[in-house]
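Report on one structure; see the data block that follows.
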Amino acid sequence: MTHMLHAAARRVQWSRTSAAKRAACLLAAAYGLKILYPIVRRRMKRGCKGGPQDAGRAEGGREASHGSGSLGRASPAVNAEFFKQLLELRKLFFPKLVSAELGLLCLHSVALVSRTFLSIYVAALDGKIVKSIVEKKPRSFVFKLIKWLMIAIPATFVNSTIRYLECKLALAFRTRLVDHAYETYFANQTYYRVISMDGRLANPDQSLTEDIMMFSQSVAHLYSNLTKPILDVVLTSYTLIRTARSRGANPIGPTLLAGLVVYATARVLKACSPKFGKLVAEEAHKKGYLRFMHSRIIANVEEIAFYRGHKVEMKQLQKSYKALADQMNLILSKRLWYIMIEQFLMKYVWSSCGMIMVAVPIITATGFADGELEDGQKQAMVSERTEAFTTSRNLLISGADAIERIMSSYKEVTELAGYTARVYSMFSVFDEVKRGIYKRTAVIQGSESNSKNEDKAELHIDGPLEIKGKVIDVDHGIICENVPIITPNGDVVVSRLNFKVQEGMNLLITGPNGCGKSSLFRILSGLWPVYEGVLYKPPPQHMFYIPQRPYMSIGTLRDQVIYPDSVDDMHQKGYQDQDLESILHMVHLYHIVQREGGWDAIMDWKDVLSGGEKQRMGMARMFYHKPKYALLDECTSAVSIDVEGKIFQAAKAAGISLLSITHRPSLWKYHTHLLQFDGQGGWRFEQLDTAIRLSLSEEKQRLESQLAGIPKMQQRLNELCKILGEDSVLKTMDKEE
């Protein structure tokens with residue numbers, strides 16, 4: 001036994017370096033097996049079991065994540081739902097049979113087919129070049145090399161054309177989707193209702209920009225990445241089989257070997273493939289939230305600076321970025337092992353099988369056997385075998401690369417499923433909101449808030465809100481008949497509201513905070529639906545709403561006055577710049593024309609104009625549009641009382657009926673009727689007597705000032721009693737004692 005071991009050692013003769021290399025390789029292989037084996041085993045078990053328990057877990061997951069937006073539904077995957085969504089979106093890509101997108105798709109397909117035939121021709125030409133080298137024929141070699149260079153010109157042009165048409169196709173798809181999305185987003189004030197009335201889309205800006213772009217690029221790239229490989233596989237397989245048969249070889253064995261290897265690779269990759277669709281969709285969601293956090297800071301930069309809240313905002317940004325970075329690291333880590341397995345199978349296993357597939361037909365083919373000449377010398381078929389080997393090898397490499405791209409496309413298809421789910425969900429939400437179907441996330445309130453609102457449980461509606469009311473456009477007057485004020489969350493602010501405002505009437509609306517004053521304006525403007533009752537109101541062009549913080553658009557000073565009209569609309573209405581100057585005189589704002597450089601000055605008016613100037617600009621828009629009814633929501637709170645009074649008097653003189661929310665008693669005299677909310681769901685509508693109301697308000701202020709001193713007087717009385725050691729009939733004990 002000892003002699004045998006010594007003999008084996010002498011035969012092997014391992015050096016220290018080779019032993020160290022082998023040990024390192026064994027350790028790496030063992031570590032890789034340790035990491036990959038649990039993953040493969042878990043995937044295989046999951047694929048085999050998947051019974052009612054998995055269905056229950058999936059259903060439970062859907063219920064647990066309900067309300068978190070489109071991502072809270074079933075995870076995006078390559079299934080029947082994915083293909084259904086893709087077919088629905090296809091109608092947006094190709095709205096009709098003859099379109100520019102279909103023409104681009106046909107050209108793209110022609111370029112892909114041309115590239116496949118060129119690849120086969122170049123592979124055959126490579127074999128002929130190698131044959132001329134082996135046969136030592138320089139003239140034939142030079143001729144074929146020139147031919148090879150000449151064919152490279154159309155080949156490179158076709159390659160460039162494929163990339164160009166792919167980008168054009170992605171841009172055309174994106175343009176179609178963006179056009180349809182914008183039309184739906186801005187129809188029937190969907191842009192407002194998606195944010196305020198519905199809670200399924202957390203970041204519509206992310207869906208309208210990033211998601212549509214990634215989806216369009218993924219569809220165009222996937223079409224190119226699947227069509228050409230499939231053509232390559234079909235044509236190269238046909239060429240290889242035909243070549244083998246022409247030389248007397250049997251192609252059945254290599255074909256079966258190829259099919260077996262591809263099938264085994266597909267099974268292993270499917271078992272090891274992570275859920276890229278869900279991962280990519282979650283990554284897109286976190287990207288959108290990070291963008292939202294940045295835009296939120298930009299929108300409130302002054303308030304944050306005043307509060308010195310940069311540390312809090314930075315922590316929130318870092319938290320959202322860390323969530324995104326963790327998600328991206330998770331995807332990268334899963335791709336690391338998946339790509340390693342993929343490359344091992346497709347690069348090394350397939351290459352070894354390819355060598356067998358090429359070698360077996362050449363070795364066994366009767367057409368490549370050495371023959372005998374007439375003088376008895378053997379005819380060597382080396383050049384023929386070399387040509388066949390080179391051509392077959394190139395074709396096999398092309399086919400293997402095509403199959404590799406097809407199988408690698410599964411990962412891209414799963415990622416496309418994530419983008420498809422987000423884009424399809426966006427369009428579904430837009431369509432439903434446009435039709436008045438709202439679904440808002442339920443907010444779980446704490447026990448404290450529940451105890452506070454226990455007595456008002458009947459003033460909240462759980463579940464989806466059904467729209468039963470009617471809105472009828474009339475030429476004169478505003479009439480509410482049993483119209484409730486219900487917030488998008490289902491809170492019933494006022495159960496039934498009845499009032500009538502005729503032309504010439506000016507309505508003052510008062511009440512505590514949260515009683516429904518601004519909510520009523522949202523219903524009258526058509527932003528909130530009428531859930532019950534009947535609302536008679538003028539068409540939208542006869543009503544004009546002015547908020548407390550008027551919106552300043554991008555454009556010239558002229559655009560600020562005529563918003564939302566364009567300059568052409570202004571001219572069609574018969575307005576000139578002189579008319580706009582007279583309007584600015586009415587609101588005491590003409591000085592900004594000279595100050596800012598004329599009507600054509602373009603600035604960031606949100607920052608250039610002060611708060612009072614922006615409010616007066618909002619009133620200037622009212623005088624420009626001349627509505628029958630103006631809804632004024634604390635729109636002059638930053639304007640001086642004297643200028644404010646002149647503006648209201650000018651509005652009455654212009655025949656505009658005012659519906660005003662204001663806390664300034666100086667404006668009461670410009671109104672004829674009062675709608676007062678009590679904050680508990682009650683209200684009253686009556687004619688306004690300004691003198692009586694002013695006297696009552698003065699009495700209220702006088703009593704408030706007198707009662708404000710009573711606690712201080714009571715405290716001083718208790719102190720005097722302690723100092724004197726006497727009691728008083730009015731003395732009360734401190735709460736602390």
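Labels for the structure tokens follow display order: chains A, B, ..., residues from 1 in each chain, ligands from 1.
Counting only C-alpha atoms, A:Phe93 has the following residues at most 8 Å away, ignoring those fewer than 4 positions along the same chain: Leu89, Glu101, Phe173, Arg176 and Leu177 of chain A.
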Sel. of alpha helix (DSSP H) residues, stretch 118-294 of chain A, as a PyMOL selection string = chain A and resi 118-134+138-185+190-196+204-206+212-246+252-272+276-294
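For the choices A:Ala650, A:Val219, A:Ile120, A:Val142, the atom-to-atom distance to A:Tyr238 is smallest for A:Ile120 when using only C-alpha atoms.
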ask   = Which residue gives the smallest distance to A:Val78 among A:Tyr164, A:Tyr121, A:Tyr419, A:Tyr536, with only C-alpha atoms counted?
value = A:Tyr419
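Using only C-alpha atoms, the residues found no farther than 9 Å from A:Ile592, other than those of its own chain fewer than 4 positions away, are Leu557, Glu596, Gly597, Gly598 and Leu609 of chain A.
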Go ahead and dump the residues you just picked, all heavy atoms, as a PDB file, in the first residue's frame.
ATOM      1  N   LEU A 557     -45.974  89.761 -17.757  1.00  0.00           N
ATOM      2  CA  LEU A 557     -46.884  90.462 -16.841  1.00  0.00           C
ATOM      3  C   LEU A 557     -48.301  90.458 -17.401  1.00  0.00           C
ATOM      4  O   LEU A 557     -49.276  90.350 -16.653  1.00  0.00           O
ATOM      5  CB  LEU A 557     -46.383  91.891 -16.624  1.00  0.00           C
ATOM      6  CG  LEU A 557     -47.229  92.782 -15.719  1.00  0.00           C
ATOM      7  CD1 LEU A 557     -47.342  92.195 -14.321  1.00  0.00           C
ATOM      8  CD2 LEU A 557     -46.646  94.192 -15.664  1.00  0.00           C
ATOM      9  N   GLU A 596     -41.518  96.883 -13.340  1.00  0.00           N
ATOM     10  CA  GLU A 596     -40.989  95.605 -13.823  1.00  0.00           C
ATOM     11  C   GLU A 596     -40.607  95.637 -15.300  1.00  0.00           C
ATOM     12  O   GLU A 596     -40.196  94.616 -15.835  1.00  0.00           O
ATOM     13  CB  GLU A 596     -42.010  94.481 -13.576  1.00  0.00           C
ATOM     14  CG  GLU A 596     -42.463  94.361 -12.139  1.00  0.00           C
ATOM     15  CD  GLU A 596     -41.307  94.109 -11.175  1.00  0.00           C
ATOM     16  OE1 GLU A 596     -40.241  93.665 -11.628  1.00  0.00           O
ATOM     17  OE2 GLU A 596     -41.463  94.377  -9.972  1.00  0.00           O
ATOM     18  N   GLY A 597     -40.770  96.760 -15.974  1.00  0.00           N
ATOM     19  CA  GLY A 597     -40.279  96.859 -17.347  1.00  0.00           C
ATOM     20  C   GLY A 597     -41.309  96.639 -18.426  1.00  0.00           C
ATOM     21  O   GLY A 597     -40.943  96.244 -19.545  1.00  0.00           O
ATOM     22  N   GLY A 598     -42.580  96.884 -18.171  1.00  0.00           N
ATOM     23  CA  GLY A 598     -43.597  96.796 -19.215  1.00  0.00           C
ATOM     24  C   GLY A 598     -44.345  95.473 -19.217  1.00  0.00           C
ATOM     25  O   GLY A 598     -44.077  94.559 -18.437  1.00  0.00           O
ATOM     26  N   LEU A 609     -43.617  89.544  -6.881  1.00  0.00           N
ATOM     27  CA  LEU A 609     -44.737  90.280  -6.302  1.00  0.00           C
ATOM     28  C   LEU A 609     -44.888  89.941  -4.826  1.00  0.00           C
ATOM     29  O   LEU A 609     -44.666  88.796  -4.402  1.00  0.00           O
ATOM     30  CB  LEU A 609     -46.034  89.938  -7.045  1.00  0.00           C
ATOM     31  CG  LEU A 609     -46.061  90.242  -8.547  1.00  0.00           C
ATOM     32  CD1 LEU A 609     -47.411  89.860  -9.135  1.00  0.00           C
ATOM     33  CD2 LEU A 609     -45.759  91.716  -8.821  1.00  0.00           C
TER      34      LEU A 609
END
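Between A:Asp205 and the residues A:Met426, A:Leu459, A:Leu508, A:Leu112, the shortest atom-to-atom distance, using only C-alpha atoms, involves A:Met426.
Taking only C-alpha atoms into account, A:Glu503 lies nearest to A:Leu659 out of the set A:Ala601, A:Cys353, A:Leu235, A:Leu659.
Each of A:Ile641, A:Ile656, A:Met586, A:Leu497 was compared to A:His542 using only C-alpha atoms, and A:Ile656 turns out to be the nearest.
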